[in-house]
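**Student:** Just work-v4.pdb, nothing more (PDB, N, CA and C atoms and all ligand atoms):
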ATOM      1  N   MET M   1     151.374 100.010  30.118
ATOM      2  CA  MET M   1     151.430 101.109  31.086
ATOM      3  C   MET M   1     151.696 100.539  32.480
ATOM      4  N   LYS M   2     152.591 101.184  33.179
ATOM      5  CA  LYS M   2     152.847 100.785  34.565
ATOM      6  C   LYS M   2     152.623 101.989  35.450
ATOM      7  N   ILE M   3     151.774 101.826  36.445
ATOM      8  CA  ILE M   3     151.500 102.944  37.341
ATOM      9  C   ILE M   3     152.033 102.594  38.715
ATOM     10  N   ILE M   4     152.789 103.467  39.261
ATOM     11  CA  ILE M   4     153.257 103.250  40.622
ATOM     12  C   ILE M   4     152.869 104.456  41.454
ATOM     13  N   ILE M   5     152.127 104.203  42.495
ATOM     14  CA  ILE M   5     151.773 105.296  43.388
ATOM     15  C   ILE M   5     152.542 105.081  44.671
ATOM     16  N   ASN M   6     153.328 106.020  45.013
ATOM     17  CA  ASN M   6     154.144 105.869  46.216
ATOM     18  C   ASN M   6     153.358 106.197  47.467
ATOM     19  N   ASN M   7     154.037 106.479  48.527
ATOM     20  CA  ASN M   7     153.352 106.647  49.807
ATOM     21  C   ASN M   7     152.716 108.018  49.965
ATOM     22  N   ASN M   8     151.980 108.427  48.952
ATOM     23  CA  ASN M   8     151.254 109.681  49.033
ATOM     24  C   ASN M   8     150.065 109.491  49.968
ATOM     25  N   PRO M   9     149.977 110.304  51.024
ATOM     26  CA  PRO M   9     148.894 110.115  51.997
ATOM     27  C   PRO M   9     147.514 110.168  51.363
ATOM     28  N   ALA M  10     147.407 110.840  50.220
ATOM     29  CA  ALA M  10     146.110 110.924  49.557
ATOM     30  C   ALA M  10     145.613 109.555  49.115
ATOM     31  N   TYR M  11     146.534 108.608  48.954
ATOM     32  CA  TYR M  11     146.136 107.280  48.502
ATOM     33  C   TYR M  11     146.132 106.268  49.640
ATOM     34  N   GLY M  12     146.038 106.742  50.877
ATOM     35  CA  GLY M  12     146.028 105.843  52.010
ATOM     36  C   GLY M  12     147.450 105.466  52.368
ATOM     37  N   ASP M  13     147.610 104.676  53.419
ATOM     38  CA  ASP M  13     148.954 104.369  53.888
ATOM     39  C   ASP M  13     149.365 102.946  53.503
ATOM     40  N   MET M  14     148.768 102.424  52.434
ATOM     41  CA  MET M  14     149.034 101.031  52.076
ATOM     42  C   MET M  14     149.979 100.885  50.881
ATOM     43  N   GLY M  15     150.405 102.037  50.334
ATOM     44  CA  GLY M  15     151.248 101.978  49.143
ATOM     45  C   GLY M  15     152.635 101.453  49.433
ATOM     46  N   PRO M  16     153.522 101.333  48.443
ATOM     47  CA  PRO M  16     153.250 101.698  47.060
ATOM     48  C   PRO M  16     152.420 100.648  46.321
ATOM     49  N   TYR M  17     151.636 101.113  45.360
ATOM     50  CA  TYR M  17     150.842 100.226  44.512
ATOM     51  C   TYR M  17     151.477 100.152  43.131
ATOM     52  N   LYS M  18     151.381  99.004  42.522
ATOM     53  CA  LYS M  18     151.838  98.879  41.145
ATOM     54  C   LYS M  18     150.713  98.223  40.361
ATOM     55  N   ALA M  19     150.439  98.743  39.188
ATOM     56  CA  ALA M  19     149.370  98.157  38.385
ATOM     57  C   ALA M  19     149.594  98.455  36.919
ATOM     58  N   GLU M  20     148.921  97.704  36.090
ATOM     59  CA  GLU M  20     149.082  97.830  34.641
ATOM     60  C   GLU M  20     148.147  98.871  34.036
ATOM     61  N   SER M  21     147.112  99.211  34.760
ATOM     62  CA  SER M  21     146.154 100.181  34.226
ATOM     63  C   SER M  21     145.477 100.896  35.385
ATOM     64  N   PHE M  22     144.793 101.983  35.107
ATOM     65  CA  PHE M  22     144.072 102.697  36.154
ATOM     66  C   PHE M  22     143.011 101.791  36.785
ATOM     67  N   GLU M  23     142.335 101.004  35.927
ATOM     68  CA  GLU M  23     141.305 100.084  36.416
ATOM     69  C   GLU M  23     141.896  99.072  37.392
ATOM     70  N   ALA M  24     143.053  98.517  37.000
ATOM     71  CA  ALA M  24     143.701  97.517  37.847
ATOM     72  C   ALA M  24     144.156  98.138  39.163
ATOM     73  N   LEU M  25     144.594  99.376  39.073
ATOM     74  CA  LEU M  25     145.032 100.074  40.282
ATOM     75  C   LEU M  25     143.841 100.294  41.215
ATOM     76  N   ALA M  26     142.698 100.661  40.634
ATOM     77  CA  ALA M  26     141.491 100.855  41.432
ATOM     78  C   ALA M  26     141.075  99.544  42.101
ATOM     79  N   ASP M  27     141.235  98.416  41.378
ATOM     80  CA  ASP M  27     140.940  97.099  41.968
ATOM     81  C   ASP M  27     141.818  96.866  43.190
ATOM     82  N   GLU M  28     143.098  97.136  42.983
ATOM     83  CA  GLU M  28     144.090  96.949  44.035
ATOM     84  C   GLU M  28     143.760  97.794  45.267
ATOM     85  N   MET M  29     143.212  98.971  44.996
ATOM     86  CA  MET M  29     142.945  99.914  46.082
ATOM     87  C   MET M  29     141.529  99.812  46.645
ATOM     88  N   GLU M  30     140.813  98.799  46.250
ATOM     89  CA  GLU M  30     139.417  98.621  46.686
ATOM     90  C   GLU M  30     139.211  98.890  48.196
ATOM     91  N   PRO M  31     140.061  98.315  49.078
ATOM     92  CA  PRO M  31     139.841  98.563  50.517
ATOM     93  C   PRO M  31     139.929 100.046  50.878
ATOM     94  N   VAL M  32     140.865 100.757  50.253
ATOM     95  CA  VAL M  32     141.019 102.184  50.540
ATOM     96  C   VAL M  32     139.804 102.941  50.014
ATOM     97  N   LEU M  33     139.352 102.582  48.807
ATOM     98  CA  LEU M  33     138.191 103.245  48.219
ATOM     99  C   LEU M  33     136.956 103.026  49.082
ATOM    100  N   LYS M  34     136.866 101.813  49.669
ATOM    101  CA  LYS M  34     135.744 101.511  50.573
ATOM    102  C   LYS M  34     135.790 102.423  51.794
ATOM    103  N   ASP M  35     136.998 102.582  52.351
ATOM    104  CA  ASP M  35     137.165 103.476  53.507
ATOM    105  C   ASP M  35     136.731 104.890  53.160
ATOM    106  N   TRP M  36     137.181 105.346  51.998
ATOM    107  CA  TRP M  36     136.837 106.714  51.575
ATOM    108  C   TRP M  36     135.328 106.861  51.431
ATOM    109  N   ALA M  37     134.702 105.857  50.850
ATOM    110  CA  ALA M  37     133.245 105.911  50.667
ATOM    111  C   ALA M  37     132.553 105.969  52.023
ATOM    112  N   ASN M  38     133.019 105.129  52.969
ATOM    113  CA  ASN M  38     132.437 105.130  54.314
ATOM    114  C   ASN M  38     132.623 106.475  54.993
ATOM    115  N   GLU M  39     133.833 107.017  54.869
ATOM    116  CA  GLU M  39     134.140 108.305  55.502
ATOM    117  C   GLU M  39     133.277 109.419  54.929
ATOM    118  N   SER M  40     133.001 109.354  53.629
ATOM    119  CA  SER M  40     132.231 110.429  52.991
ATOM    120  C   SER M  40     130.786 110.414  53.474
ATOM    121  N   GLY M  41     130.291 109.242  53.842
ATOM    122  CA  GLY M  41     128.932 109.142  54.354
ATOM    123  C   GLY M  41     127.859 109.187  53.282
ATOM    124  N   SER M  42     128.212 109.640  52.089
ATOM    125  CA  SER M  42     127.181 109.771  51.059
ATOM    126  C   SER M  42     127.566 109.110  49.735
ATOM    127  N   LYS M  43     128.844 108.761  49.577
ATOM    128  CA  LYS M  43     129.274 108.202  48.304
ATOM    129  C   LYS M  43     129.430 106.686  48.373
ATOM    130  N   THR M  44     129.239 106.050  47.229
ATOM    131  CA  THR M  44     129.409 104.606  47.152
ATOM    132  C   THR M  44     130.836 104.284  46.710
ATOM    133  N   VAL M  45     131.202 103.023  46.829
ATOM    134  CA  VAL M  45     132.521 102.597  46.373
ATOM    135  C   VAL M  45     132.676 102.890  44.885
ATOM    136  N   GLU M  46     131.597 102.716  44.132
ATOM    137  CA  GLU M  46     131.637 102.986  42.687
ATOM    138  C   GLU M  46     131.916 104.471  42.418
ATOM    139  N   ASP M  47     131.291 105.338  43.239
ATOM    140  CA  ASP M  47     131.559 106.784  43.111
ATOM    141  C   ASP M  47     133.037 107.063  43.342
ATOM    142  N   MET M  48     133.562 106.482  44.430
ATOM    143  CA  MET M  48     134.954 106.733  44.790
ATOM    144  C   MET M  48     135.892 106.198  43.719
ATOM    145  N   ARG M  49     135.514 105.051  43.165
ATOM    146  CA  ARG M  49     136.324 104.449  42.111
ATOM    147  C   ARG M  49     136.382 105.359  40.878
ATOM    148  N   ALA M  50     135.224 105.882  40.501
ATOM    149  CA  ALA M  50     135.154 106.774  39.339
ATOM    150  C   ALA M  50     135.949 108.051  39.616
ATOM    151  N   GLU M  51     135.790 108.580  40.821
ATOM    152  CA  GLU M  51     136.506 109.792  41.198
ATOM    153  C   GLU M  51     138.014 109.556  41.212
ATOM    154  N   PHE M  52     138.373 108.391  41.718
ATOM    155  CA  PHE M  52     139.790 108.043  41.818
ATOM    156  C   PHE M  52     140.432 107.959  40.430
ATOM    157  N   ILE M  53     139.750 107.304  39.522
ATOM    158  CA  ILE M  53     140.290 107.147  38.173
ATOM    159  C   ILE M  53     140.337 108.502  37.463
ATOM    160  N   ARG M  54     139.291 109.294  37.676
ATOM    161  CA  ARG M  54     139.282 110.644  37.127
ATOM    162  C   ARG M  54     140.445 111.439  37.715
ATOM    163  N   GLY M  55     140.673 111.225  39.015
ATOM    164  CA  GLY M  55     141.761 111.922  39.700
ATOM    165  C   GLY M  55     143.110 111.619  39.086
ATOM    166  N   LEU M  56     143.286 110.402  38.654
ATOM    167  CA  LEU M  56     144.562 110.016  38.067
ATOM    168  C   LEU M  56     144.769 110.622  36.695
ATOM    169  N   THR M  57     143.669 110.923  36.027
ATOM    170  CA  THR M  57     143.791 111.358  34.644
ATOM    171  C   THR M  57     143.552 112.845  34.444
ATOM    172  N   GLU M  58     142.675 113.449  35.275
ATOM    173  CA  GLU M  58     142.278 114.829  35.000
ATOM    174  C   GLU M  58     142.569 115.816  36.106
ATOM    175  N   ILE M  59     142.759 115.319  37.317
ATOM    176  CA  ILE M  59     143.024 116.261  38.387
ATOM    177  C   ILE M  59     144.271 115.861  39.159
ATOM    178  N   VAL M  60     144.896 116.825  39.740
ATOM    179  CA  VAL M  60     146.123 116.564  40.496
ATOM    180  C   VAL M  60     145.980 117.141  41.898
ATOM    181  N   LEU M  61     146.757 116.594  42.788
ATOM    182  CA  LEU M  61     146.720 117.052  44.178
ATOM    183  C   LEU M  61     147.794 118.108  44.391
ATOM    184  N   CYS M  62     147.399 119.252  44.923
ATOM    185  CA  CYS M  62     148.404 120.264  45.268
ATOM    186  C   CYS M  62     149.152 119.752  46.486
ATOM    187  N   LEU M  63     150.451 119.615  46.373
ATOM    188  CA  LEU M  63     151.247 119.047  47.459
ATOM    189  C   LEU M  63     151.366 120.002  48.637
ATOM    190  N   TYR M  64     151.015 121.252  48.414
ATOM    191  CA  TYR M  64     151.152 122.242  49.483
ATOM    192  C   TYR M  64     149.882 122.381  50.306
ATOM    193  N   CYS M  65     148.714 122.360  49.643
ATOM    194  CA  CYS M  65     147.487 122.590  50.410
ATOM    195  C   CYS M  65     146.508 121.415  50.325
ATOM    196  N   ASP M  66     146.897 120.329  49.640
ATOM    197  CA  ASP M  66     146.050 119.132  49.589
ATOM    198  C   ASP M  66     144.726 119.317  48.869
ATOM    199  N   MET M  67     144.634 120.315  48.013
ATOM    200  CA  MET M  67     143.411 120.483  47.237
ATOM    201  C   MET M  67     143.561 119.759  45.904
ATOM    202  N   TRP M  68     142.469 119.129  45.466
ATOM    203  CA  TRP M  68     142.459 118.518  44.139
ATOM    204  C   TRP M  68     142.155 119.614  43.131
ATOM    205  N   ILE M  69     142.976 119.702  42.109
ATOM    206  CA  ILE M  69     142.848 120.794  41.143
ATOM    207  C   ILE M  69     142.849 120.226  39.736
ATOM    208  N   GLU M  70     141.992 120.820  38.876
ATOM    209  CA  GLU M  70     141.969 120.385  37.482
ATOM    210  C   GLU M  70     143.376 120.486  36.911
ATOM    211  N   LYS M  71     143.799 119.467  36.213
ATOM    212  CA  LYS M  71     145.160 119.429  35.706
ATOM    213  C   LYS M  71     145.452 120.630  34.808
ATOM    214  N   GLU M  72     144.453 120.996  34.029
ATOM    215  CA  GLU M  72     144.595 122.114  33.106
ATOM    216  C   GLU M  72     144.931 123.411  33.852
ATOM    217  N   ILE M  73     144.249 123.596  34.992
ATOM    218  CA  ILE M  73     144.482 124.796  35.804
ATOM    219  C   ILE M  73     145.823 124.698  36.508
ATOM    220  N   SER M  74     146.107 123.519  37.028
ATOM    221  CA  SER M  74     147.334 123.317  37.786
ATOM    222  C   SER M  74     148.584 123.506  36.931
ATOM    223  N   ASP M  75     148.473 123.198  35.660
ATOM    224  CA  ASP M  75     149.626 123.311  34.765
ATOM    225  C   ASP M  75     149.998 124.763  34.454
ATOM    226  N   GLU M  76     149.053 125.660  34.739
ATOM    227  CA  GLU M  76     149.296 127.082  34.476
ATOM    228  C   GLU M  76     150.140 127.689  35.579
ATOM    229  N   VAL M  77     151.206 128.365  35.205
ATOM    230  CA  VAL M  77     151.974 129.113  36.196
ATOM    231  C   VAL M  77     152.132 130.548  35.688
ATOM    232  N   PRO M  78     151.273 131.435  36.217
ATOM    233  CA  PRO M  78     151.310 132.825  35.740
ATOM    234  C   PRO M  78     152.638 133.509  36.084
ATOM    235  N   ALA M  79     152.910 134.609  35.413
ATOM    236  CA  ALA M  79     154.111 135.394  35.713
ATOM    237  C   ALA M  79     154.044 135.878  37.160
ATOM    238  N   THR M  80     155.196 136.039  37.782
ATOM    239  CA  THR M  80     155.254 136.423  39.202
ATOM    240  C   THR M  80     154.448 137.685  39.507
ATOM    241  N   ASP M  81     154.434 138.639  38.568
ATOM    242  CA  ASP M  81     153.757 139.914  38.843
ATOM    243  C   ASP M  81     152.335 139.989  38.276
ATOM    244  N   ASP M  82     151.804 138.861  37.819
ATOM    245  CA  ASP M  82     150.444 138.852  37.269
ATOM    246  C   ASP M  82     149.414 138.653  38.384
ATOM    247  N   ASP M  83     149.142 139.727  39.128
ATOM    248  CA  ASP M  83     148.264 139.645  40.301
ATOM    249  C   ASP M  83     146.890 139.072  39.973
ATOM    250  N   GLU M  84     146.356 139.473  38.837
ATOM    251  CA  GLU M  84     145.018 139.049  38.445
ATOM    252  C   GLU M  84     144.943 137.527  38.271
ATOM    253  N   GLU M  85     145.895 136.980  37.520
ATOM    254  CA  GLU M  85     145.922 135.535  37.279
ATOM    255  C   GLU M  85     146.151 134.750  38.572
ATOM    256  N   TRP M  86     146.998 135.262  39.425
ATOM    257  CA  TRP M  86     147.262 134.568  40.698
ATOM    258  C   TRP M  86     146.037 134.595  41.600
ATOM    259  N   ALA M  87     145.305 135.705  41.573
ATOM    260  CA  ALA M  87     144.083 135.806  42.377
ATOM    261  C   ALA M  87     143.068 134.773  41.890
ATOM    262  N   GLU M  88     143.023 134.605  40.573
ATOM    263  CA  GLU M  88     142.125 133.625  39.963
ATOM    264  C   GLU M  88     142.528 132.208  40.372
ATOM    265  N   LEU M  89     143.808 131.933  40.297
ATOM    266  CA  LEU M  89     144.358 130.622  40.632
ATOM    267  C   LEU M  89     144.143 130.294  42.114
ATOM    268  N   ALA M  90     144.265 131.321  42.958
ATOM    269  CA  ALA M  90     144.146 131.136  44.410
ATOM    270  C   ALA M  90     142.785 130.570  44.797
ATOM    271  N   LYS M  91     141.758 130.827  43.964
ATOM    272  CA  LYS M  91     140.416 130.318  44.251
ATOM    273  C   LYS M  91     140.370 128.796  44.259
ATOM    274  N   HIS M  92     141.340 128.159  43.597
ATOM    275  CA  HIS M  92     141.350 126.704  43.506
ATOM    276  C   HIS M  92     142.199 126.053  44.605
ATOM    277  N   HIS M  93     142.901 126.880  45.389
ATOM    278  CA  HIS M  93     143.753 126.357  46.463
ATOM    279  C   HIS M  93     143.200 126.802  47.813
ATOM    280  N   GLU M  94     143.712 126.173  48.895
ATOM    281  CA  GLU M  94     143.358 126.622  50.235
ATOM    282  C   GLU M  94     143.946 128.017  50.439
ATOM    283  N   GLY M  95     143.350 128.769  51.360
ATOM    284  CA  GLY M  95     143.762 130.144  51.589
ATOM    285  C   GLY M  95     145.227 130.307  51.959
ATOM    286  N   ASP M  96     145.788 129.291  52.638
ATOM    287  CA  ASP M  96     147.169 129.436  53.109
ATOM    288  C   ASP M  96     148.153 128.629  52.255
ATOM    289  N   CYS M  97     147.763 128.327  51.015
ATOM    290  CA  CYS M  97     148.623 127.492  50.169
ATOM    291  C   CYS M  97     149.984 128.170  49.921
ATOM    292  N   GLU M  98     151.042 127.440  50.278
ATOM    293  CA  GLU M  98     152.399 127.982  50.155
ATOM    294  C   GLU M  98     152.774 128.242  48.696
ATOM    295  N   TRP M  99     152.306 127.357  47.825
ATOM    296  CA  TRP M  99     152.646 127.492  46.404
ATOM    297  C   TRP M  99     152.087 128.791  45.830
ATOM    298  N   VAL M 100     150.847 129.101  46.236
ATOM    299  CA  VAL M 100     150.220 130.337  45.768
ATOM    300  C   VAL M 100     150.877 131.544  46.444
ATOM    301  N   ALA M 101     151.088 131.439  47.770
ATOM    302  CA  ALA M 101     151.659 132.563  48.528
ATOM    303  C   ALA M 101     153.026 132.957  47.999
ATOM    304  N   THR M 102     153.803 131.972  47.602
ATOM    305  CA  THR M 102     155.167 132.266  47.123
ATOM    306  C   THR M 102     155.221 132.387  45.594
ATOM    307  N   ARG M 103     154.027 132.300  44.982
ATOM    308  CA  ARG M 103     153.925 132.342  43.521
ATOM    309  C   ARG M 103     154.911 131.354  42.894
ATOM    310  N   ALA M 104     154.719 130.097  43.288
ATOM    311  CA  ALA M 104     155.542 128.983  42.803
ATOM    312  C   ALA M 104     157.013 129.153  43.213
ATOM    313  N   HIS M 105     157.181 129.555  44.446
ATOM    314  CA  HIS M 105     158.529 129.681  45.035
ATOM    315  C   HIS M 105     159.444 130.627  44.279
ATOM    316  N   ARG M 106     158.845 131.701  43.779
ATOM    317  CA  ARG M 106     159.670 132.671  43.080
ATOM    318  C   ARG M 106     159.610 134.030  43.772
ATOM    319  N   LYS M 107     158.876 134.061  44.900
ATOM    320  CA  LYS M 107     158.679 135.337  45.581
ATOM    321  C   LYS M 107     158.784 135.103  47.084
ATOM    322  N   ASP M 108     159.486 135.961  47.802
ATOM    323  CA  ASP M 108     159.560 135.834  49.265
ATOM    324  C   ASP M 108     158.269 136.370  49.874
ATOM    325  N   VAL M 109     157.849 135.725  50.952
ATOM    326  CA  VAL M 109     156.630 136.234  51.620
ATOM    327  C   VAL M 109     156.932 136.658  53.049
TER
HETATM  328 ZN    ZN M 201     147.745 124.606  46.793
END
What is this file in structure tokens?

**Tutor:**
Amino acid sequence: MKIIINNNPAYGDMGPYKAESFEALADEMEPVLKDWANESGSKTVEDMRAEFIRGLTEIVLCLYCDMWIEKEISDEVPATDDDEEWAELAKHHEGDCEWVATRAHRKDV
């Protein structure tokens, strides 16, 4: 397995990273994880490491509103006119998320 994380601001400004496994990538990113732990004020580097690895496997970052979303939820794209499903989905994004507002860029706002 080869993982390459490009210059996504969510991963700090030190990328791109290349690694053979999620664990190796977390090793590589140790300084960034330390910063995140310090910034959080309550989490340890180990917490951040676990969260980071979980993030790579189970959650994804919404590129529009910067919210971390369960991959299972993020993979769902309701029909444009399914107001109920979109209202449900909106709970997982920031209030002004462009992706939600435009219903995945299929609706003018
Ligand atoms: Zn969003």

**Student:** Suppose a student applies the PyMOL selection byres (((not hetatm) and name CA) within 10 of (chain M and resi 201)) to this structure; what residues should they get, written as a list in words?

**Tutor:**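 Given this file, the PyMOL selection byres (((not hetatm) and name CA) within 10 of (chain M and resi 201)) evaluates to Leu61, Cys62, Leu63, Tyr64, Cys65, Asp66, Met67, Trp68, Ile69, Ser74, Leu89, Ala90, Lys91, His92, His93, Glu94, Gly95, Asp96, Cys97, Glu98, Trp99, Val100, Ala101 and Ala104 of chain M.
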
**Student:** Running DSSP on the backbone, which parts of chain M land in helix (DSSP H, G or I), as a ChimeraX atom specification?

**Tutor:** /M:9-11,22-28,30-40,45-57,71-74,83-90,98-101

**Student:** Which residue gives the smallest distance to Thr44 in chain M among M:Glu30, M:Asp108, M:Ser21, M:Trp86, with only C-alpha atoms counted?

**Tutor:**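 Ranked by minimum distance to Thr44 in chain M, first place goes to M:Glu30.
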
**Student:** Given 5 Å of margin on each side, can you work out the centre and size in Å (one decimal) of an axis-aligned box holding every listed atom of range 69-82 of chain M, as lines of an AutoDock Vina configuration file?

**Tutor:**
center_x = 148.6
center_y = 129.7
center_z = 37.6
size_x = 23.3
size_y = 30.6
size_z = 19.0

**Student:** Give me the residues near Glu46 in chain M as a ChimeraX atom specification, where near means some atom within 8 Å (using only N, CA and C atoms) and where sequence neighbours in that chain fewer than 4 positions away do not count.

**Tutor:** /M:33-34,37,50-52

**Student:** What does the distance from CA of Lys43 in chain M to CA of Asp75 in chain M come to in Å, to one decimal?

**Tutor:**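 One can read the CA of Lys43 in chain M to CA of Asp75 in chain M distance as 28.7 Å.
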
**Student:** Would you work out the distance separating atom N of Lys107 in chain M from atom N of Glu58 in chain M, expressed in Å to one decimal?

**Tutor:** 27.9 Å

**Student:** Closest to Thr80 in chain M among M:Arg103, M:Thr57, M:Glu39, M:Phe22, using only C-alpha atoms?

**Tutor:**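 Looking at the shortest contact to Thr80 in chain M, the residue is M:Arg103.
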
**Student:** Closest to Ile53 in chain M among M:Leu25, M:Val109, M:Val32, M:Ala79, using only C-alpha atoms?

**Tutor:** M:Leu25

**Student:** Could you check how far CA of Glu76 in chain M sits from atom N of Arg54 in chain M, in Å to one decimal?

**Tutor:**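 Interatomic distance, CA of Glu76 in chain M to atom N of Arg54 in chain M: 20.7 Å.
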
**Student:** Out of range 15-76 of chain M, which residues get strand (DSSP E) from DSSP, as a list in words?

**Tutor:**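 Selection result, strand (DSSP E) within range 15-76 of chain M: Tyr17, Lys18, Ala19, Ile59, Val60, Leu61, Trp68, Ile69 and Glu70 of chain M.
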